[in-house]
Amino acid sequence: MAEEPRIDPWGTVEVKDYKRLMEVFGIKPINTILPLLEKAGMKPSAYMRRGIIFGHRDMDRVLEAKIRGEPVAVLTGFMPSGRFHFGHKLTVDQLIYYQNSGFKIFVALADAEAVIVRRIPRREAIRIAVEEYVANMIALGLDPDKTEFYFQTNRGAPYYRLLQLFAGKVTAAEMEAIYGDLTPAKVMAALTQAADILHVELEEYGGYKHVVVPVGADQDPHLRLTRDLADRMGGIISLERPASTYHKMQRGLDGVKMSSSRPDSTIFLTDPLNEAKRKLMKALTGGRATAEEQRRLGGVPESCTVYDMHMYHLMGDEELAKIYRDCRSGAMLCGECKLLAWSKMKDLLERHQQRLEEAREVAWSIVDAPRF
Ligand code: TRP
Ligand code: SF4
């Protein structure tokens, strides 16, 4: 039998084979929750309809709880290691979707992880968390009054109590099987992430027993660890396993992983318009070598990063279907298609950047920034 694929959540390798991931780790296809979603009074989001959110664990349990009228929550976290870009927007859009459906939202600012694993200077991690992450999330439409943002290094005794007790519930061999080579920083970051996910079940933080964690597939190792830890805390405190949904991470504009450390691989929501346009116009497409060839053979949207932008962020269902057809048939060439993307993106960025100044002020006023 082939070896289990190991995902390194701190590595740079992309998850490509989503089907295998689902088979090996028991992630269910997202369409299995559609009937319950409807019963819960929610419509499938565009990301679900488009297969970008492709799988889940235990989401059915959370939706059933919601249907019974029990409180439900979403928790996710962001590592403040660079500027906020379109890849992050994908997760924030999901938070807004759940917020509008009545879920309580928690956002962990993973400053501990950024500093100890990514070696981001301490002050810088705090500043980035507030000015880049919190501010951009608010400007995108996440309601600050209904969202609890917190720093991993500034959360309070019951949260740290969990973290300490978790350390006694997992062996080094188990952690190595999940993460590969360990360092104290990685052990600490993984247990901290488990505390992020599970602490909202504690009475001190609202006692939310039905929590869903929307993440990119690369974060699944953390969820597997967290589920085991929840099971093993019995006798001390009863914790439910978290549910999770998994999305395909948007590829970078160069076809490789989106990363703030390679500024041309993505568009930051704070990029000046000319800069954003420059990046979009030179993005890797699925077009052919010559216009003649493209008219004859059509393009390949599946391998086009501009199509990804259309699909993840810019277009409604009908517009998207038309772009797909016109690309495939050769009716539209890449230059035209990029300008179409740009016309939408320009509006989006303009509106966003107008809101950002105020959002920055709000951001500093609502977070409890650690002193050092
Ligand atoms: N490790 C995540 C990342 O690299 C950030 C994170 C911290 C997180 N705590 C979390 C994600 C809890 C989901 C849930 O981006
Ligand atoms: Fe991509 Fe558009 Fe070109 Fe098709 S026409 S390959 S979707 S840029």
# chains A, B, ... in the order shown; residues from 1 in each chain; ligands from 1
>>> residues_around(residues="Gly141 in chain A", least_positions_apart="3", cutoff="12 Å", atoms="only C-alpha atoms", output="VMD selection string")
chain A and resid 89 92 to 97 99 to 100 134 to 138 144 to 147 351 to 352 355 to 356 359
>>> select_by_dssp(residues="range 16-183 of chain A", states="strand (DSSP E or B)", output="list in words")
Lys28, Pro29, Ile53, Phe54, Gly55, His56, Arg57, Ala73, Val74, Leu75, Thr76, Gly77, Phe78, His85, Lys104, Ile105, Phe106, Val107, Ala108, Leu109, Thr147, Glu148, Phe149, Tyr150 and Phe151 of chain A
>>> residues_around(residues="Met233 in chain A", least_positions_apart="6", cutoff="8 Å", atoms="only C-alpha atoms", output="PDB file with N, CA and C atoms, in the first residue's frame")
ATOM      1  N   PHE A 166      -3.211  19.695  27.277  1.00  0.00           N
ATOM      2  CA  PHE A 166      -3.052  18.986  25.997  1.00  0.00           C
ATOM      3  C   PHE A 166      -1.670  18.326  25.904  1.00  0.00           C
ATOM      4  N   LYS A 169      -1.458  14.793  26.679  1.00  0.00           N
ATOM      5  CA  LYS A 169      -2.405  13.895  26.011  1.00  0.00           C
ATOM      6  C   LYS A 169      -1.957  13.422  24.644  1.00  0.00           C
ATOM      7  N   LEU A 239     -15.148  17.803  25.881  1.00  0.00           N
ATOM      8  CA  LEU A 239     -15.044  18.668  24.706  1.00  0.00           C
ATOM      9  C   LEU A 239     -15.545  17.906  23.490  1.00  0.00           C
TER      10      LEU A 239
END
>>> residues_near_ligand(ligand="ligand 1", cutoff="6 Å", atoms="only C-alpha atoms and all ligand atoms", output="number ranges by chain")
A: 76-79, 108, 110, 193, 196-197
>>> closest_atom_pairs(of="chain A", to="ligand 2", cutoff="6 Å", atoms="only C-alpha atoms and all ligand atoms", output="CSV")
residue,atom,partner,partner_atom_place_in_ligand_line,distance
A:Thr285,CA,ligand 2,1 (Fe),4.6
A:Gly286,CA,ligand 2,6 (S),3.7
A:Gly287,CA,ligand 2,6 (S),4.0
A:Gly299,CA,ligand 2,6 (S),4.5
A:Val300,CA,ligand 2,6 (S),5.2
A:Pro301,CA,ligand 2,7 (S),4.5
A:Cys304,CA,ligand 2,1 (Fe),4.6
A:Val306,CA,ligand 2,8 (S),5.2
A:Tyr307,CA,ligand 2,7 (S),4.4
A:Cys327,CA,ligand 2,4 (Fe),4.2
A:Met332,CA,ligand 2,5 (S),5.5
A:Leu333,CA,ligand 2,5 (S),4.7
A:Cys334,CA,ligand 2,3 (Fe),3.5
A:Cys337,CA,ligand 2,2 (Fe),4.5
A:Lys338,CA,ligand 2,8 (S),5.7
>>> write_last_selection(atoms="all heavy atoms", output="mmCIF file, in the first residue's frame")
data_model
loop_
_atom_site.group_PDB
_atom_site.id
_atom_site.type_symbol
_atom_site.label_atom_id
_atom_site.label_comp_id
_atom_site.auth_asym_id
_atom_site.auth_seq_id
_atom_site.Cartn_x
_atom_site.Cartn_y
_atom_site.Cartn_z
ATOM 1 N N THR A 285 -1.806 32.384 -17.702
ATOM 2 C CA THR A 285 -3.132 32.001 -18.199
ATOM 3 C C THR A 285 -3.098 30.574 -18.756
ATOM 4 O O THR A 285 -2.036 29.953 -18.813
ATOM 5 C CB THR A 285 -3.601 32.929 -19.345
ATOM 6 O OG1 THR A 285 -2.821 32.632 -20.514
ATOM 7 C CG2 THR A 285 -3.478 34.385 -18.970
ATOM 8 N N GLY A 286 -4.248 30.130 -19.164
ATOM 9 C CA GLY A 286 -4.329 28.847 -19.864
ATOM 10 C C GLY A 286 -4.482 29.074 -21.363
ATOM 11 O O GLY A 286 -5.068 28.256 -22.065
ATOM 12 N N GLY A 287 -3.968 30.212 -21.814
ATOM 13 C CA GLY A 287 -4.090 30.562 -23.238
ATOM 14 C C GLY A 287 -3.052 29.855 -24.096
ATOM 15 O O GLY A 287 -2.111 29.246 -23.586
ATOM 16 N N GLY A 299 -8.974 28.189 -25.085
ATOM 17 C CA GLY A 299 -8.049 28.198 -23.947
ATOM 18 C C GLY A 299 -8.420 27.116 -22.943
ATOM 19 O O GLY A 299 -9.364 26.356 -23.141
ATOM 20 N N VAL A 300 -7.618 27.040 -21.882
ATOM 21 C CA VAL A 300 -7.836 26.026 -20.846
ATOM 22 C C VAL A 300 -8.054 26.717 -19.499
ATOM 23 O O VAL A 300 -7.103 26.964 -18.754
ATOM 24 C CB VAL A 300 -6.622 25.066 -20.749
ATOM 25 C CG1 VAL A 300 -6.913 23.928 -19.774
ATOM 26 C CG2 VAL A 300 -6.250 24.524 -22.117
ATOM 27 N N PRO A 301 -9.318 27.042 -19.174
ATOM 28 C CA PRO A 301 -9.580 27.765 -17.920
ATOM 29 C C PRO A 301 -9.077 27.015 -16.685
ATOM 30 O O PRO A 301 -8.667 27.630 -15.713
ATOM 31 C CB PRO A 301 -11.103 27.923 -17.906
ATOM 32 C CG PRO A 301 -11.645 27.127 -19.034
ATOM 33 C CD PRO A 301 -10.526 26.825 -19.967
ATOM 34 N N CYS A 304 -5.707 28.165 -15.666
ATOM 35 C CA CYS A 304 -5.550 29.615 -15.819
ATOM 36 C C CYS A 304 -5.732 30.331 -14.474
ATOM 37 O O CYS A 304 -6.766 30.196 -13.826
ATOM 38 C CB CYS A 304 -6.579 30.128 -16.818
ATOM 39 S SG CYS A 304 -6.519 31.911 -17.007
ATOM 40 N N VAL A 306 -6.006 33.518 -14.091
ATOM 41 C CA VAL A 306 -6.967 34.614 -14.241
ATOM 42 C C VAL A 306 -8.390 34.054 -14.081
ATOM 43 O O VAL A 306 -9.245 34.652 -13.428
ATOM 44 C CB VAL A 306 -6.798 35.319 -15.607
ATOM 45 C CG1 VAL A 306 -7.863 36.402 -15.786
ATOM 46 C CG2 VAL A 306 -5.401 35.916 -15.713
ATOM 47 N N TYR A 307 -8.598 32.870 -14.650
ATOM 48 C CA TYR A 307 -9.897 32.222 -14.437
ATOM 49 C C TYR A 307 -10.133 31.986 -12.941
ATOM 50 O O TYR A 307 -11.248 32.173 -12.436
ATOM 51 C CB TYR A 307 -9.996 30.898 -15.220
ATOM 52 C CG TYR A 307 -11.395 30.337 -15.163
ATOM 53 C CD1 TYR A 307 -12.413 30.863 -15.950
ATOM 54 C CD2 TYR A 307 -11.706 29.315 -14.264
ATOM 55 C CE1 TYR A 307 -13.707 30.397 -15.859
ATOM 56 C CE2 TYR A 307 -13.001 28.828 -14.170
ATOM 57 C CZ TYR A 307 -14.000 29.375 -14.962
ATOM 58 O OH TYR A 307 -15.283 28.915 -14.862
ATOM 59 N N CYS A 327 -13.958 31.071 -23.332
ATOM 60 C CA CYS A 327 -12.548 30.683 -23.297
ATOM 61 C C CYS A 327 -12.361 29.380 -24.061
ATOM 62 O O CYS A 327 -11.549 29.281 -24.967
ATOM 63 C CB CYS A 327 -12.093 30.549 -21.842
ATOM 64 S SG CYS A 327 -10.451 29.816 -21.679
ATOM 65 N N MET A 332 -13.063 34.178 -26.948
ATOM 66 C CA MET A 332 -12.440 35.278 -26.207
ATOM 67 C C MET A 332 -10.940 35.005 -26.059
ATOM 68 O O MET A 332 -10.532 33.883 -25.755
ATOM 69 C CB MET A 332 -13.087 35.398 -24.822
ATOM 70 C CG MET A 332 -12.488 36.501 -23.977
ATOM 71 S SD MET A 332 -13.496 36.879 -22.521
ATOM 72 C CE MET A 332 -13.440 35.328 -21.653
ATOM 73 N N LEU A 333 -10.152 36.035 -26.257
ATOM 74 C CA LEU A 333 -8.705 35.876 -26.062
ATOM 75 C C LEU A 333 -8.313 36.401 -24.675
ATOM 76 O O LEU A 333 -9.080 37.112 -24.028
ATOM 77 C CB LEU A 333 -7.947 36.628 -27.150
ATOM 78 C CG LEU A 333 -8.220 36.144 -28.587
ATOM 79 C CD1 LEU A 333 -7.339 36.908 -29.582
ATOM 80 C CD2 LEU A 333 -7.982 34.634 -28.725
ATOM 81 N N CYS A 334 -7.122 36.052 -24.255
ATOM 82 C CA CYS A 334 -6.723 36.332 -22.871
ATOM 83 C C CYS A 334 -6.662 37.829 -22.541
ATOM 84 O O CYS A 334 -6.997 38.225 -21.429
ATOM 85 C CB CYS A 334 -5.393 35.665 -22.559
ATOM 86 S SG CYS A 334 -5.516 33.865 -22.645
ATOM 87 N N CYS A 337 -10.045 38.982 -21.730
ATOM 88 C CA CYS A 337 -10.500 38.318 -20.507
ATOM 89 C C CYS A 337 -9.875 38.956 -19.267
ATOM 90 O O CYS A 337 -10.524 39.156 -18.241
ATOM 91 C CB CYS A 337 -10.129 36.838 -20.607
ATOM 92 S SG CYS A 337 -10.777 35.824 -19.290
ATOM 93 N N LYS A 338 -8.588 39.317 -19.404
ATOM 94 C CA LYS A 338 -7.912 39.963 -18.286
ATOM 95 C C LYS A 338 -8.508 41.338 -18.016
ATOM 96 O O LYS A 338 -8.665 41.746 -16.857
ATOM 97 C CB LYS A 338 -6.425 40.107 -18.595
ATOM 98 C CG LYS A 338 -5.644 38.807 -18.448
ATOM 99 C CD LYS A 338 -4.202 39.004 -18.880
ATOM 100 C CE LYS A 338 -3.353 37.819 -18.460
ATOM 101 N NZ LYS A 338 -1.987 37.909 -19.008
#
>>> residues_around(residues="Val367 in chain A", least_positions_apart="6", cutoff="10 Å", atoms="only C-alpha atoms", output="PyMOL selection string")
chain A and resi 109+129-130+134+144+148-151
>>> closest_residue(among="A:Leu253, A:Ala40, A:Ala217, A:Ala363", to="Lys19 in chain A", atoms="only C-alpha atoms")
A:Ala217
>>> atom_distance(atom1="CA of Met42 in chain A", atom2="CA of Leu63 in chain A")
9.7 Å
>>> select_by_dssp(residues="range 167-280 of chain A", states="helix (DSSP H, G or I)", output="short mmCIF file (atom, residue, chain, number, x, y, z; two decimals) with C-alpha atoms, in the first residue's frame")
data_model
loop_
_atom_site.label_atom_id
_atom_site.label_comp_id
_atom_site.auth_asym_id
_atom_site.auth_seq_id
_atom_site.Cartn_x
_atom_site.Cartn_y
_atom_site.Cartn_z
CA ALA A 172 6.05 12.58 20.50
CA ALA A 173 5.61 9.60 18.17
CA GLU A 174 2.03 10.62 17.39
CA MET A 175 3.04 14.18 16.69
CA GLU A 176 5.93 13.05 14.50
CA ALA A 177 3.54 10.85 12.54
CA ILE A 178 1.42 13.92 11.84
CA TYR A 179 4.02 16.65 11.38
CA PRO A 184 9.61 23.06 20.40
CA ALA A 185 8.13 25.88 18.34
CA LYS A 186 6.11 23.51 16.16
CA VAL A 187 4.85 21.52 19.15
CA MET A 188 3.82 24.75 20.86
CA ALA A 189 2.17 26.15 17.73
CA ALA A 190 0.21 22.93 17.10
CA LEU A 191 -1.06 22.71 20.68
CA THR A 192 -1.87 26.41 20.64
CA GLN A 193 -3.94 25.93 17.50
CA ALA A 194 -5.80 23.09 19.23
CA ALA A 195 -6.49 25.45 22.13
CA ASP A 196 -7.73 28.06 19.64
CA ILE A 197 -10.20 25.61 18.22
CA LEU A 198 -11.39 24.01 21.45
CA HIS A 199 -11.35 26.82 24.01
CA GLU A 203 -17.97 28.29 29.65
CA GLU A 204 -15.58 31.18 30.07
CA TYR A 205 -15.71 31.82 26.31
CA ALA A 217 -6.54 21.63 3.08
CA ASP A 218 -3.00 22.22 4.35
CA GLN A 219 -4.36 22.80 7.87
CA ASP A 220 -5.89 19.34 8.17
CA PRO A 221 -3.04 17.91 10.28
CA HIS A 222 -3.95 20.41 12.99
CA LEU A 223 -7.57 19.34 12.85
CA ARG A 224 -6.71 15.69 13.20
CA LEU A 225 -4.60 16.44 16.24
CA THR A 226 -7.32 18.65 17.70
CA ARG A 227 -10.00 15.98 17.28
CA ASP A 228 -7.85 13.45 19.12
CA LEU A 229 -7.14 15.90 21.90
CA ALA A 230 -10.85 16.63 22.31
CA ASP A 231 -11.53 12.90 22.69
CA ARG A 232 -8.75 12.48 25.24
CA PRO A 263 4.57 39.79 -3.98
CA ASP A 264 3.91 39.09 -7.67
CA SER A 265 2.29 35.73 -6.88
CA LEU A 273 -4.44 50.11 -8.54
CA ASN A 274 -1.69 50.33 -11.13
CA GLU A 275 0.31 47.73 -9.23
CA ALA A 276 -2.67 45.37 -8.99
CA LYS A 277 -3.37 45.80 -12.69
CA ARG A 278 0.25 45.14 -13.62
CA LYS A 279 0.22 41.85 -11.69
CA LEU A 280 -3.09 40.74 -13.16
#
>>> atom_distance(atom1="CA of Glu361 in chain A", atom2="CA of Arg127 in chain A")
12.5 Å
>>> closest_residue(among="A:Glu318, A:Phe372, A:Asp181, A:Leu75", to="Pro121 in chain A", atoms="only C-alpha atoms")
A:Phe372
>>> residues_around(residues="range 35-38 of chain A", least_positions_apart="2", cutoff="12 Å", atoms="only C-alpha atoms", output="PyMOL selection string")
chain A and resi 30-33+40-45+48+58-68+98+101
>>> write_last_selection(atoms="N, CA, C and O atoms", output="short mmCIF file (atom, residue, chain, number, x, y, z; two decimals), in the first residue's frame")
data_model
loop_
_atom_site.label_atom_id
_atom_site.label_comp_id
_atom_site.auth_asym_id
_atom_site.auth_seq_id
_atom_site.Cartn_x
_atom_site.Cartn_y
_atom_site.Cartn_z
N ILE A 30 -18.48 17.92 0.04
CA ILE A 30 -19.31 19.00 0.59
C ILE A 30 -20.77 18.83 0.21
O ILE A 30 -21.67 19.24 0.96
N ASN A 31 -21.04 18.19 -0.94
CA ASN A 31 -22.45 18.09 -1.34
C ASN A 31 -23.30 17.25 -0.38
O ASN A 31 -24.51 17.33 -0.40
N THR A 32 -22.64 16.48 0.50
CA THR A 32 -23.40 15.69 1.46
C THR A 32 -24.12 16.55 2.50
O THR A 32 -24.98 16.06 3.22
N ILE A 33 -23.75 17.84 2.58
CA ILE A 33 -24.44 18.68 3.58
C ILE A 33 -25.51 19.57 2.97
O ILE A 33 -26.20 20.30 3.68
N ALA A 40 -31.39 24.33 7.44
CA ALA A 40 -30.92 25.32 8.41
C ALA A 40 -31.16 26.74 7.91
O ALA A 40 -30.72 27.71 8.54
N GLY A 41 -31.82 26.85 6.76
CA GLY A 41 -32.14 28.18 6.24
C GLY A 41 -30.95 28.86 5.57
O GLY A 41 -30.92 30.08 5.44
N MET A 42 -29.97 28.08 5.14
CA MET A 42 -28.79 28.67 4.49
C MET A 42 -28.72 28.19 3.04
O MET A 42 -29.02 27.05 2.75
N LYS A 43 -28.27 29.10 2.18
CA LYS A 43 -28.05 28.69 0.78
C LYS A 43 -26.59 28.29 0.63
O LYS A 43 -25.73 28.88 1.28
N PRO A 44 -26.31 27.31 -0.24
CA PRO A 44 -24.90 26.99 -0.47
C PRO A 44 -24.17 28.23 -0.99
O PRO A 44 -24.71 28.97 -1.81
N SER A 45 -22.98 28.49 -0.48
CA SER A 45 -22.24 29.67 -0.92
C SER A 45 -21.65 29.42 -2.30
O SER A 45 -21.58 28.28 -2.76
N MET A 48 -19.01 26.92 -2.31
CA MET A 48 -19.48 25.52 -2.26
C MET A 48 -19.97 25.09 -3.64
O MET A 48 -19.64 24.02 -4.12
N ASP A 58 -17.89 16.38 9.85
CA ASP A 58 -18.88 16.65 10.92
C ASP A 58 -19.69 17.92 10.76
O ASP A 58 -20.31 18.39 11.72
N MET A 59 -19.67 18.48 9.57
CA MET A 59 -20.47 19.69 9.38
C MET A 59 -21.96 19.37 9.53
O MET A 59 -22.75 20.23 9.95
N ASP A 60 -22.33 18.14 9.23
CA ASP A 60 -23.73 17.73 9.39
C ASP A 60 -24.16 17.88 10.85
O ASP A 60 -25.26 18.34 11.15
N ARG A 61 -23.25 17.53 11.75
CA ARG A 61 -23.59 17.64 13.18
C ARG A 61 -23.84 19.09 13.59
O ARG A 61 -24.76 19.41 14.34
N VAL A 62 -23.01 19.99 13.07
CA VAL A 62 -23.18 21.41 13.42
C VAL A 62 -24.50 21.94 12.85
O VAL A 62 -25.22 22.67 13.53
N LEU A 63 -24.79 21.55 11.62
CA LEU A 63 -26.03 22.06 11.02
C LEU A 63 -27.25 21.50 11.73
O LEU A 63 -28.25 22.20 11.94
N GLU A 64 -27.18 20.23 12.13
CA GLU A 64 -28.31 19.67 12.88
C GLU A 64 -28.51 20.43 14.18
O GLU A 64 -29.64 20.70 14.59
N ALA A 65 -27.42 20.78 14.84
CA ALA A 65 -27.52 21.56 16.07
C ALA A 65 -28.16 22.92 15.79
O ALA A 65 -29.00 23.40 16.55
N LYS A 66 -27.75 23.52 14.70
CA LYS A 66 -28.32 24.83 14.33
C LYS A 66 -29.81 24.71 14.08
O LYS A 66 -30.60 25.55 14.52
N ILE A 67 -30.19 23.64 13.40
CA ILE A 67 -31.61 23.42 13.12
C ILE A 67 -32.41 23.25 14.42
O ILE A 67 -33.51 23.75 14.56
N ARG A 68 -31.78 22.61 15.41
CA ARG A 68 -32.43 22.47 16.73
C ARG A 68 -32.44 23.78 17.51
O ARG A 68 -32.97 23.85 18.61
N TYR A 98 -21.03 32.87 7.23
CA TYR A 98 -21.54 32.27 8.48
C TYR A 98 -22.08 33.32 9.43
O TYR A 98 -23.08 33.10 10.11
N SER A 101 -25.45 34.12 8.68
CA SER A 101 -26.38 33.02 8.96
C SER A 101 -26.53 32.77 10.46
O SER A 101 -27.06 31.73 10.86
#
>>> closest_residue(among="A:Lys104, A:Lys282, A:Lys16, A:His56", to="Trp342 in chain A", atoms="only C-alpha atoms")
A:Lys282
>>> residues_around(residues="Met22 in chain A", least_positions_apart="5", cutoff="12 Å", atoms="only C-alpha atoms", output="number ranges by chain")
A: 4-5, 15-17, 27-30, 54-57, 217, 220, 245-247
>>> atom_distance(atom1="CA of Glu293 in chain A", atom2="CA of Val256 in chain A")
25.3 Å
>>> closest_residue(among="A:Met281, A:Val200, A:Leu163, A:Trp10", to="Ala114 in chain A", atoms="only C-alpha atoms")
A:Trp10
>>> closest_residue(among="A:Asp254, A:Glu336, A:Glu70, A:Glu132", to="Thr270 in chain A", atoms="only C-alpha atoms")
A:Glu132
